[in-house]
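A.B. asks: Structure below; questions to follow.
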Amino acid sequence: MLKWFDAQQRDLPWRRTKDPYAIWLSEIMLQQTRVAAAIPYFERFLARFPNFGTLAAAEEEEVLRLWAGLGYYYRARNMHKAAKCVSELGAFPSHYEAILELPGVGDYTAAAVASIAFDLPHAVVDGNVVRVISRLFAANGDRKQVAHLTGQLLDRKRPGDFNQAMMELGATVCLPQKPHCLLCPVGKMCQAQETGAQNEFPVRKIRAKNKEIERRLFWIERSGKVLAWQRPADARLMAGFWELPEKEHLPEVAPARELGAFRHGITVHNYRIKVWRAAAPVQFGNCQWLEIRKLDHLPLSTIFKKALNVISVFIGD
Ligand code: SF4
């Protein structure tokens with residue numbers, strides 16, 4: 001695996017460093033984002049915030065703006081909090097347990113940073129590793145079992161490279177569909193390949209059926225301003241982000257005409273969202289007037305941004 005990794009690994013910006021800050025940043029970004037999509041964000045983020053100190057000193061709004069488009073904004077928020085913790089500590093913790101204490105860091109990230117930045121013998125388990133291990137051992141893909149097997153295989157001298165090799169194999173060779181078994185460095189020991197059962201591992205769980213949900217947003221404009229509400233600072237999802245109001249926020253609103261519609265998916269929910277122009281009601285509830293020309297400088301939810309795209313020709317009408 002290590003020989004194969006040394007020869008075949010992709011040249012990725014976070015592989016050119018042992019800096020725990022850069023490695024931690026890349027691991028957080030890659031949690032929900034593909035490598036190709038993460039690279040420009042990683043480079044931009046690192047250029048603006050090259051170390052924990054600069055990130056800790058930044059305003060949250062700027063951190064969120066640089067993150068905008070990557071989604072799952074709790075990651076950016078937690079990174080900001082973690083940077084403040086590290087600044088207080090004076091240096092990035094160099095033990096697995098201490099890394100695990102940082103906000104937003106779970107088993108996977110702690111093991112990745114500990115092994116890659118500090119050469120500590122902790123095996124990582126992500127979706128790629130689950131797929132490789134479950135095929136190699138014809139195991140169902142249960143995380144505990146995979147963690148146990150991976151821990152036994154881990155190269156104690158180069159744990160960071162071993163972990164990256166496992167993930168690289170899953171990302172480039174042991175693909176979910178049609179794995180390139182002829183190119184696989186561990187093909188000879190793969191039980192799934194031996195019986196031609198690669199696609200049966202890991203065993204799939206039955207997924208819940210997607211739900212279709214209709215929603216209606218209101219575009220309420222006056223003198224270059226639009227009504228919007230802000231998610232509370234302690235909200236579990238997208239805290240601090242601005243949203244366009246719906247009926248629940250403005251019960252007295254009177255819809256005037258439909259401006260456009262779009263689709264938006266969140267986990268198993270498929271939203272069909274319509275944007276309607278409406279007149280300003282007497283009571284605004286939690287909504288506030290935002291200057292339309294300054295919206296670019298605010299953290300807007302993806303739904304808000306999609307709505308702006310759909311109705312842009314009507315703004316200022
Ligand atoms: Fe995956 Fe094929 Fe390699 Fe087995 S032989 S680990 S199925 S790429």
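Scheme for the structure tokens: letters A, B, ... for chains in order shown; per-chain residue numbers from 1; ligand numbers from 1 in order shown.
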For Cys85 of chain A, list every protein, DNA or RNA residue within 12 Å, evaluated using only C-alpha atoms, and leave out those in the same chain fewer than 2 positions away; present the list as JSON, numbers by chain.

C.D. replies: {"A": [52, 53, 55, 56, 57, 78, 79, 80, 81, 82, 83, 87, 88, 89, 90, 91, 92, 93, 98, 99, 101, 102, 103, 104]}

A.B. asks: Skip Glu27 of chain A itself and residues of its chain fewer than 3 positions away, then list as a PDB file with N, CA, C and O atoms, in the first residue's frame all residues within 8 Å of it, counting only C-alpha atoms.

C.D. replies:
```pdb
ATOM      1  N   ILE A  23      -3.443  20.828   7.789  1.00  0.00           N
ATOM      2  CA  ILE A  23      -3.990  19.466   7.682  1.00  0.00           C
ATOM      3  C   ILE A  23      -5.379  19.408   8.312  1.00  0.00           C
ATOM      4  O   ILE A  23      -6.313  18.830   7.754  1.00  0.00           O
ATOM      5  N   TRP A  24      -5.515  20.046   9.454  1.00  0.00           N
ATOM      6  CA  TRP A  24      -6.829  20.104  10.129  1.00  0.00           C
ATOM      7  C   TRP A  24      -7.846  20.811   9.237  1.00  0.00           C
ATOM      8  O   TRP A  24      -8.964  20.325   9.043  1.00  0.00           O
ATOM      9  N   LEU A  30     -12.879  18.526   3.824  1.00  0.00           N
ATOM     10  CA  LEU A  30     -13.149  17.311   3.048  1.00  0.00           C
ATOM     11  C   LEU A  30     -14.225  16.432   3.672  1.00  0.00           C
ATOM     12  O   LEU A  30     -14.631  15.436   3.075  1.00  0.00           O
ATOM     13  N   GLN A  31     -14.692  16.805   4.869  1.00  0.00           N
ATOM     14  CA  GLN A  31     -15.721  15.973   5.511  1.00  0.00           C
ATOM     15  C   GLN A  31     -16.975  15.835   4.650  1.00  0.00           C
ATOM     16  O   GLN A  31     -17.597  14.809   4.611  1.00  0.00           O
ATOM     17  N   THR A 109     -11.412  13.069  12.352  1.00  0.00           N
ATOM     18  CA  THR A 109     -10.501  14.208  12.174  1.00  0.00           C
ATOM     19  C   THR A 109      -9.322  14.120  13.148  1.00  0.00           C
ATOM     20  O   THR A 109      -8.174  14.393  12.774  1.00  0.00           O
ATOM     21  N   ALA A 112      -6.960  11.568  11.838  1.00  0.00           N
ATOM     22  CA  ALA A 112      -6.279  12.033  10.621  1.00  0.00           C
ATOM     23  C   ALA A 112      -5.181  13.032  10.980  1.00  0.00           C
ATOM     24  O   ALA A 112      -4.037  12.902  10.530  1.00  0.00           O
ATOM     25  N   VAL A 113      -5.505  14.027  11.805  1.00  0.00           N
ATOM     26  CA  VAL A 113      -4.506  15.054  12.147  1.00  0.00           C
ATOM     27  C   VAL A 113      -3.378  14.440  12.978  1.00  0.00           C
ATOM     28  O   VAL A 113      -2.194  14.696  12.731  1.00  0.00           O
TER      29      VAL A 113
END
```

A.B. asks: Find the spatial neighbours of Lys188 of chain A, counting only C-alpha atoms, within a cut-off of 12 Å - ignore same-chain residues fewer than 5 positions away - and output them as a PyMOL selection string.

C.D. replies: chain A and resi 135-137+181-183+193-195

A.B. asks: For Lys209 of chain A, work out the shell of residues within 12 Å, counting only C-alpha atoms and skipping chain neighbours fewer than 2 positions away, then give it as a ChimeraX atom specification.

C.D. replies: /A:206-207,211-212,267-270

A.B. asks: Could the residues in this selection be saved with all heavy atoms as a PDB file, in the first residue's frame?

C.D. replies:
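Once everything was written out, this is part-v8.pdb:
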```
ATOM      1  N   ILE A 206     -30.931   0.004   3.709  1.00  0.00           N
ATOM      2  CA  ILE A 206     -32.061   0.505   2.917  1.00  0.00           C
ATOM      3  C   ILE A 206     -32.303   1.959   3.294  1.00  0.00           C
ATOM      4  O   ILE A 206     -32.449   2.297   4.469  1.00  0.00           O
ATOM      5  CB  ILE A 206     -33.326  -0.342   3.173  1.00  0.00           C
ATOM      6  CG1 ILE A 206     -33.047  -1.758   2.683  1.00  0.00           C
ATOM      7  CG2 ILE A 206     -34.539   0.245   2.480  1.00  0.00           C
ATOM      8  CD1 ILE A 206     -34.017  -2.794   3.159  1.00  0.00           C
ATOM      9  N   ARG A 207     -32.289   2.825   2.260  1.00  0.00           N
ATOM     10  CA  ARG A 207     -32.430   4.260   2.534  1.00  0.00           C
ATOM     11  C   ARG A 207     -33.885   4.689   2.581  1.00  0.00           C
ATOM     12  O   ARG A 207     -34.729   4.139   1.866  1.00  0.00           O
ATOM     13  CB  ARG A 207     -31.724   5.062   1.452  1.00  0.00           C
ATOM     14  CG  ARG A 207     -30.237   4.811   1.450  1.00  0.00           C
ATOM     15  CD  ARG A 207     -29.573   5.746   0.487  1.00  0.00           C
ATOM     16  NE  ARG A 207     -29.765   7.136   0.895  1.00  0.00           N
ATOM     17  CZ  ARG A 207     -29.323   8.152   0.185  1.00  0.00           C
ATOM     18  NH1 ARG A 207     -28.691   7.943  -0.934  1.00  0.00           N
ATOM     19  NH2 ARG A 207     -29.531   9.387   0.584  1.00  0.00           N
ATOM     20  N   LYS A 211     -38.633  12.722   0.564  1.00  0.00           N
ATOM     21  CA  LYS A 211     -39.946  13.361   0.712  1.00  0.00           C
ATOM     22  C   LYS A 211     -39.988  14.629  -0.135  1.00  0.00           C
ATOM     23  O   LYS A 211     -39.031  15.401  -0.129  1.00  0.00           O
ATOM     24  CB  LYS A 211     -40.150  13.778   2.177  1.00  0.00           C
ATOM     25  CG  LYS A 211     -40.428  12.629   3.094  1.00  0.00           C
ATOM     26  CD  LYS A 211     -40.687  13.182   4.492  1.00  0.00           C
ATOM     27  CE  LYS A 211     -40.624  12.053   5.502  1.00  0.00           C
ATOM     28  NZ  LYS A 211     -40.303  12.515   6.834  1.00  0.00           N
ATOM     29  N   GLU A 212     -41.106  14.850  -0.829  1.00  0.00           N
ATOM     30  CA  GLU A 212     -41.290  16.069  -1.628  1.00  0.00           C
ATOM     31  C   GLU A 212     -42.051  17.081  -0.764  1.00  0.00           C
ATOM     32  O   GLU A 212     -43.110  16.761  -0.222  1.00  0.00           O
ATOM     33  CB  GLU A 212     -42.142  15.777  -2.868  1.00  0.00           C
ATOM     34  CG  GLU A 212     -41.443  14.913  -3.899  1.00  0.00           C
ATOM     35  CD  GLU A 212     -40.525  15.706  -4.813  1.00  0.00           C
ATOM     36  OE1 GLU A 212     -40.717  16.936  -4.921  1.00  0.00           O
ATOM     37  OE2 GLU A 212     -39.614  15.098  -5.399  1.00  0.00           O
ATOM     38  N   THR A 267     -30.708  16.400   2.729  1.00  0.00           N
ATOM     39  CA  THR A 267     -30.779  14.973   3.109  1.00  0.00           C
ATOM     40  C   THR A 267     -31.911  14.283   2.342  1.00  0.00           C
ATOM     41  O   THR A 267     -31.845  14.208   1.132  1.00  0.00           O
ATOM     42  CB  THR A 267     -30.910  14.797   4.647  1.00  0.00           C
ATOM     43  OG1 THR A 267     -32.105  15.420   5.083  1.00  0.00           O
ATOM     44  CG2 THR A 267     -29.713  15.363   5.367  1.00  0.00           C
ATOM     45  N   VAL A 268     -32.952  13.792   3.027  1.00  0.00           N
ATOM     46  CA  VAL A 268     -34.005  13.059   2.303  1.00  0.00           C
ATOM     47  C   VAL A 268     -35.165  13.979   1.918  1.00  0.00           C
ATOM     48  O   VAL A 268     -36.187  13.508   1.444  1.00  0.00           O
ATOM     49  CB  VAL A 268     -34.542  11.868   3.132  1.00  0.00           C
ATOM     50  CG1 VAL A 268     -33.466  10.820   3.321  1.00  0.00           C
ATOM     51  CG2 VAL A 268     -35.101  12.334   4.456  1.00  0.00           C
ATOM     52  N   HIS A 269     -35.021  15.291   2.125  1.00  0.00           N
ATOM     53  CA  HIS A 269     -36.099  16.203   1.778  1.00  0.00           C
ATOM     54  C   HIS A 269     -35.830  16.896   0.446  1.00  0.00           C
ATOM     55  O   HIS A 269     -34.774  17.491   0.258  1.00  0.00           O
ATOM     56  CB  HIS A 269     -36.270  17.272   2.870  1.00  0.00           C
ATOM     57  CG  HIS A 269     -36.656  16.677   4.182  1.00  0.00           C
ATOM     58  ND1 HIS A 269     -35.835  16.704   5.287  1.00  0.00           N
ATOM     59  CD2 HIS A 269     -37.763  15.999   4.553  1.00  0.00           C
ATOM     60  CE1 HIS A 269     -36.429  16.087   6.284  1.00  0.00           C
ATOM     61  NE2 HIS A 269     -37.603  15.642   5.860  1.00  0.00           N
ATOM     62  N   ASN A 270     -36.787  16.792  -0.463  1.00  0.00           N
ATOM     63  CA  ASN A 270     -36.705  17.519  -1.737  1.00  0.00           C
ATOM     64  C   ASN A 270     -37.670  18.682  -1.670  1.00  0.00           C
ATOM     65  O   ASN A 270     -38.882  18.469  -1.618  1.00  0.00           O
ATOM     66  CB  ASN A 270     -37.134  16.622  -2.906  1.00  0.00           C
ATOM     67  CG  ASN A 270     -36.020  15.686  -3.298  1.00  0.00           C
ATOM     68  OD1 ASN A 270     -34.860  15.974  -3.041  1.00  0.00           O
ATOM     69  ND2 ASN A 270     -36.383  14.571  -3.901  1.00  0.00           N
TER      70      ASN A 270
END
```

A.B. asks: Leaving out His95 of chain A and any residue of its chain fewer than 3 positions from it, which residues lie within 9 Å of it when counting only C-alpha atoms, given as a list of chain:residue names?

C.D. replies: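 The neighbour list is A:Ala98, A:Ile99, A:Leu100, A:Ala110, A:Ala114, A:Phe118, A:Leu120.
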
A.B. asks: Go ahead and save the residues from that selection, with all heavy atoms, as a compact mmCIF listing (two decimals), in the first residue's frame.

C.D. replies:
```
# COMPACT_ATOMS: atom_id res chain seq x y z
N ALA A 98 -6.28 15.18 23.09
CA ALA A 98 -6.39 16.64 23.19
C ALA A 98 -6.95 17.22 21.88
O ALA A 98 -7.72 18.19 21.91
CB ALA A 98 -5.01 17.24 23.50
N ILE A 99 -6.58 16.64 20.76
CA ILE A 99 -7.12 17.12 19.47
C ILE A 99 -8.63 16.89 19.45
O ILE A 99 -9.41 17.73 19.00
CB ILE A 99 -6.44 16.40 18.28
CG1 ILE A 99 -4.94 16.68 18.26
CG2 ILE A 99 -7.06 16.86 16.95
CD1 ILE A 99 -4.15 15.85 17.26
N LEU A 100 -9.03 15.74 19.99
CA LEU A 100 -10.46 15.36 20.02
C LEU A 100 -11.30 16.35 20.84
O LEU A 100 -12.50 16.48 20.64
CB LEU A 100 -10.57 13.95 20.61
CG LEU A 100 -11.84 13.15 20.40
CD1 LEU A 100 -12.21 13.04 18.94
CD2 LEU A 100 -11.68 11.76 21.01
N ALA A 110 -9.61 13.72 14.40
CA ALA A 110 -8.52 13.62 15.38
C ALA A 110 -7.50 12.58 14.92
O ALA A 110 -6.29 12.82 15.00
CB ALA A 110 -9.10 13.25 16.75
N ALA A 114 -3.74 13.60 13.96
CA ALA A 114 -2.71 12.98 14.81
C ALA A 114 -1.74 12.15 13.98
O ALA A 114 -0.53 12.18 14.20
CB ALA A 114 -3.37 12.12 15.89
N PHE A 118 1.42 14.41 13.18
CA PHE A 118 2.30 14.05 14.31
C PHE A 118 2.80 12.59 14.28
O PHE A 118 3.40 12.12 15.24
CB PHE A 118 1.57 14.32 15.63
CG PHE A 118 1.16 15.76 15.80
CD1 PHE A 118 -0.18 16.14 15.69
CD2 PHE A 118 2.10 16.74 16.04
CE1 PHE A 118 -0.57 17.47 15.84
CE2 PHE A 118 1.72 18.08 16.19
CZ PHE A 118 0.40 18.45 16.08
N LEU A 120 1.31 9.84 14.76
CA LEU A 120 0.80 9.02 15.87
C LEU A 120 -0.03 7.86 15.30
O LEU A 120 -0.73 8.01 14.29
CB LEU A 120 -0.06 9.87 16.80
CG LEU A 120 0.72 10.98 17.54
CD1 LEU A 120 -0.24 11.91 18.28
CD2 LEU A 120 1.71 10.36 18.52
```

A.B. asks: Leaving out Asp161 of chain A and any residue of its chain fewer than 3 positions from it, which residues lie within 8 Å of it when counting only C-alpha atoms, given as a PyMOL selection string?

C.D. replies: chain A and resi 2+5+116+158+164-165

A.B. asks: Could the residues in this selection be written to a file with N, CA, C and O atoms, as a tab-separated table (two decimals), in the first residue's frame?

C.D. replies:
```
chain	number	residue	atom	x	y	z
A	2	LEU	N	1.91	1.25	0.85
A	2	LEU	CA	2.75	2.45	0.94
A	2	LEU	C	3.56	2.67	-0.32
A	2	LEU	O	3.71	3.81	-0.77
A	5	PHE	N	1.21	4.06	-2.76
A	5	PHE	CA	0.88	5.45	-2.42
A	5	PHE	C	2.03	6.39	-2.80
A	5	PHE	O	1.80	7.46	-3.36
A	116	ILE	N	-1.26	12.21	10.50
A	116	ILE	CA	-0.60	12.89	9.37
A	116	ILE	C	0.38	13.96	9.87
A	116	ILE	O	1.50	14.07	9.38
A	158	ARG	N	4.64	4.64	9.54
A	158	ARG	CA	4.12	5.74	8.68
A	158	ARG	C	2.59	5.76	8.75
A	158	ARG	O	1.92	5.58	7.73
A	164	GLN	N	-3.65	7.84	4.58
A	164	GLN	CA	-3.93	8.53	3.32
A	164	GLN	C	-3.95	7.55	2.16
A	164	GLN	O	-4.70	7.70	1.20
A	165	ALA	N	-3.10	6.50	2.25
A	165	ALA	CA	-3.08	5.49	1.19
A	165	ALA	C	-4.42	4.75	1.14
A	165	ALA	O	-4.96	4.50	0.05
```

A.B. asks: Kindly work out which residues sit at most 8 Å from ligand 1, using only C-alpha atoms and all ligand atoms, and give the list as a list in words.

C.D. replies: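 Written in the requested form, the residues are Arg131, Val132, Ile133, Arg135, Leu136, Leu169, Gly170, Val173, Cys174, Leu175, Pro179, His180, Cys181, Leu182, Leu183, Cys184, Pro185, Val186, Gly187, Lys188, Met189, Cys190, Gln191, Ala192, Gln193, Gln198 and Asn199 of chain A.
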
A.B. asks: Those same residues, written as a PDB file, in the first residue's frame with N, CA and C atoms?

C.D. replies:
```
ATOM      1  N   ARG A 131     -15.258   1.068   2.560  1.00  0.00           N
ATOM      2  CA  ARG A 131     -15.455   0.308   1.320  1.00  0.00           C
ATOM      3  C   ARG A 131     -14.262  -0.622   1.053  1.00  0.00           C
ATOM      4  N   VAL A 132     -13.042  -0.092   1.209  1.00  0.00           N
ATOM      5  CA  VAL A 132     -11.852  -0.910   0.930  1.00  0.00           C
ATOM      6  C   VAL A 132     -11.782  -2.094   1.892  1.00  0.00           C
ATOM      7  N   ILE A 133     -11.926  -1.796   3.170  1.00  0.00           N
ATOM      8  CA  ILE A 133     -11.777  -2.863   4.178  1.00  0.00           C
ATOM      9  C   ILE A 133     -12.886  -3.899   4.041  1.00  0.00           C
ATOM     10  N   ARG A 135     -14.450  -4.797   1.452  1.00  0.00           N
ATOM     11  CA  ARG A 135     -14.204  -5.647   0.280  1.00  0.00           C
ATOM     12  C   ARG A 135     -13.010  -6.573   0.521  1.00  0.00           C
ATOM     13  N   LEU A 136     -11.959  -6.023   1.116  1.00  0.00           N
ATOM     14  CA  LEU A 136     -10.777  -6.863   1.359  1.00  0.00           C
ATOM     15  C   LEU A 136     -11.123  -8.076   2.215  1.00  0.00           C
ATOM     16  N   LEU A 169      -6.795   4.945  -2.042  1.00  0.00           N
ATOM     17  CA  LEU A 169      -7.200   3.731  -2.766  1.00  0.00           C
ATOM     18  C   LEU A 169      -8.717   3.732  -2.977  1.00  0.00           C
ATOM     19  N   GLY A 170      -9.435   4.089  -1.914  1.00  0.00           N
ATOM     20  CA  GLY A 170     -10.899   4.132  -2.019  1.00  0.00           C
ATOM     21  C   GLY A 170     -11.369   5.212  -2.980  1.00  0.00           C
ATOM     22  N   VAL A 173      -9.195   4.028  -6.836  1.00  0.00           N
ATOM     23  CA  VAL A 173      -9.140   2.660  -7.402  1.00  0.00           C
ATOM     24  C   VAL A 173     -10.338   1.814  -6.959  1.00  0.00           C
ATOM     25  N   CYS A 174     -10.544   1.737  -5.678  1.00  0.00           N
ATOM     26  CA  CYS A 174     -11.634   0.892  -5.153  1.00  0.00           C
ATOM     27  C   CYS A 174     -12.922   1.726  -5.133  1.00  0.00           C
ATOM     28  N   LEU A 175     -13.381   2.053  -6.335  1.00  0.00           N
ATOM     29  CA  LEU A 175     -14.522   2.966  -6.483  1.00  0.00           C
ATOM     30  C   LEU A 175     -15.831   2.260  -6.106  1.00  0.00           C
ATOM     31  N   PRO A 179     -14.882  -0.921  -9.464  1.00  0.00           N
ATOM     32  CA  PRO A 179     -13.525  -0.691  -8.945  1.00  0.00           C
ATOM     33  C   PRO A 179     -12.486  -1.194  -9.951  1.00  0.00           C
ATOM     34  N   HIS A 180     -11.328  -0.492  -9.998  1.00  0.00           N
ATOM     35  CA  HIS A 180     -10.266  -0.872 -10.931  1.00  0.00           C
ATOM     36  C   HIS A 180      -9.379  -1.943 -10.282  1.00  0.00           C
ATOM     37  N   CYS A 181      -9.910  -3.146 -10.162  1.00  0.00           N
ATOM     38  CA  CYS A 181      -9.208  -4.187  -9.401  1.00  0.00           C
ATOM     39  C   CYS A 181      -7.871  -4.570 -10.038  1.00  0.00           C
ATOM     40  N   LEU A 182      -7.762  -4.436 -11.366  1.00  0.00           N
ATOM     41  CA  LEU A 182      -6.501  -4.826 -12.012  1.00  0.00           C
ATOM     42  C   LEU A 182      -5.363  -3.885 -11.601  1.00  0.00           C
ATOM     43  N   LEU A 183      -5.707  -2.687 -11.171  1.00  0.00           N
ATOM     44  CA  LEU A 183      -4.681  -1.711 -10.766  1.00  0.00           C
ATOM     45  C   LEU A 183      -4.459  -1.716  -9.251  1.00  0.00           C
ATOM     46  N   CYS A 184      -5.159  -2.580  -8.557  1.00  0.00           N
ATOM     47  CA  CYS A 184      -5.174  -2.505  -7.088  1.00  0.00           C
ATOM     48  C   CYS A 184      -3.920  -3.132  -6.474  1.00  0.00           C
ATOM     49  N   PRO A 185      -3.224  -2.388  -5.598  1.00  0.00           N
ATOM     50  CA  PRO A 185      -1.997  -2.931  -5.006  1.00  0.00           C
ATOM     51  C   PRO A 185      -2.254  -4.054  -4.005  1.00  0.00           C
ATOM     52  N   VAL A 186      -3.491  -4.191  -3.534  1.00  0.00           N
ATOM     53  CA  VAL A 186      -3.791  -5.250  -2.547  1.00  0.00           C
ATOM     54  C   VAL A 186      -4.816  -6.240  -3.115  1.00  0.00           C
ATOM     55  N   GLY A 187      -4.928  -6.248  -4.431  1.00  0.00           N
ATOM     56  CA  GLY A 187      -5.921  -7.121  -5.074  1.00  0.00           C
ATOM     57  C   GLY A 187      -5.751  -8.586  -4.715  1.00  0.00           C
ATOM     58  N   LYS A 188      -4.484  -9.006  -4.521  1.00  0.00           N
ATOM     59  CA  LYS A 188      -4.248 -10.438  -4.259  1.00  0.00           C
ATOM     60  C   LYS A 188      -4.827 -10.893  -2.926  1.00  0.00           C
ATOM     61  N   MET A 189      -5.003  -9.956  -2.018  1.00  0.00           N
ATOM     62  CA  MET A 189      -5.562 -10.363  -0.716  1.00  0.00           C
ATOM     63  C   MET A 189      -7.044  -9.991  -0.584  1.00  0.00           C
ATOM     64  N   CYS A 190      -7.677  -9.608  -1.709  1.00  0.00           N
ATOM     65  CA  CYS A 190      -9.056  -9.109  -1.617  1.00  0.00           C
ATOM     66  C   CYS A 190     -10.066 -10.246  -1.774  1.00  0.00           C
ATOM     67  N   GLN A 191     -10.817 -10.482  -0.715  1.00  0.00           N
ATOM     68  CA  GLN A 191     -11.773 -11.593  -0.728  1.00  0.00           C
ATOM     69  C   GLN A 191     -12.957 -11.305  -1.641  1.00  0.00           C
ATOM     70  N   ALA A 192     -13.362 -10.042  -1.722  1.00  0.00           N
ATOM     71  CA  ALA A 192     -14.508  -9.723  -2.576  1.00  0.00           C
ATOM     72  C   ALA A 192     -14.151  -9.949  -4.039  1.00  0.00           C
ATOM     73  N   GLN A 193     -12.920  -9.559  -4.414  1.00  0.00           N
ATOM     74  CA  GLN A 193     -12.509  -9.753  -5.807  1.00  0.00           C
ATOM     75  C   GLN A 193     -12.432 -11.246  -6.145  1.00  0.00           C
ATOM     76  N   GLN A 198     -17.356  -7.721  -5.597  1.00  0.00           N
ATOM     77  CA  GLN A 198     -16.964  -6.369  -5.174  1.00  0.00           C
ATOM     78  C   GLN A 198     -18.162  -5.462  -4.917  1.00  0.00           C
ATOM     79  N   ASN A 199     -19.171  -5.543  -5.780  1.00  0.00           N
ATOM     80  CA  ASN A 199     -20.304  -4.607  -5.648  1.00  0.00           C
ATOM     81  C   ASN A 199     -21.249  -4.963  -4.503  1.00  0.00           C
TER      82      ASN A 199
END
```

A.B. asks: Excluding same-chain residues fewer than 4 positions from segment 215-220 of chain A, what lies within 12 Å of it counting only C-alpha atoms, as an MDAnalysis selection string?

C.D. replies: chainID A and resid 224:229 243:264 269:281 284 287:292 303:304 306:308 310:312 314:317

A.B. asks: To one decimal place, how far is atom CA of His297 of chain A from atom CA of Val86 of chain A in Å?

C.D. replies: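 Taking atom CA of His297 of chain A and atom CA of Val86 of chain A, their separation equals 27.9 Å.
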
A.B. asks: Ranking A:Leu295, A:Thr172, A:Gln32, A:Asp11 by minimum distance to Arg65 of chain A and counting only C-alpha atoms, which one comes first?

C.D. replies: A:Leu295

A.B. asks: If you run DSSP on this backbone, which residues of segment 59-260 of chain A come out as alpha helix (DSSP H), and could you give them as a ChimeraX atom specification?

C.D. replies: /A:60-67,74-89,96-100,107-118,127-136,143-153,159-172,191-194
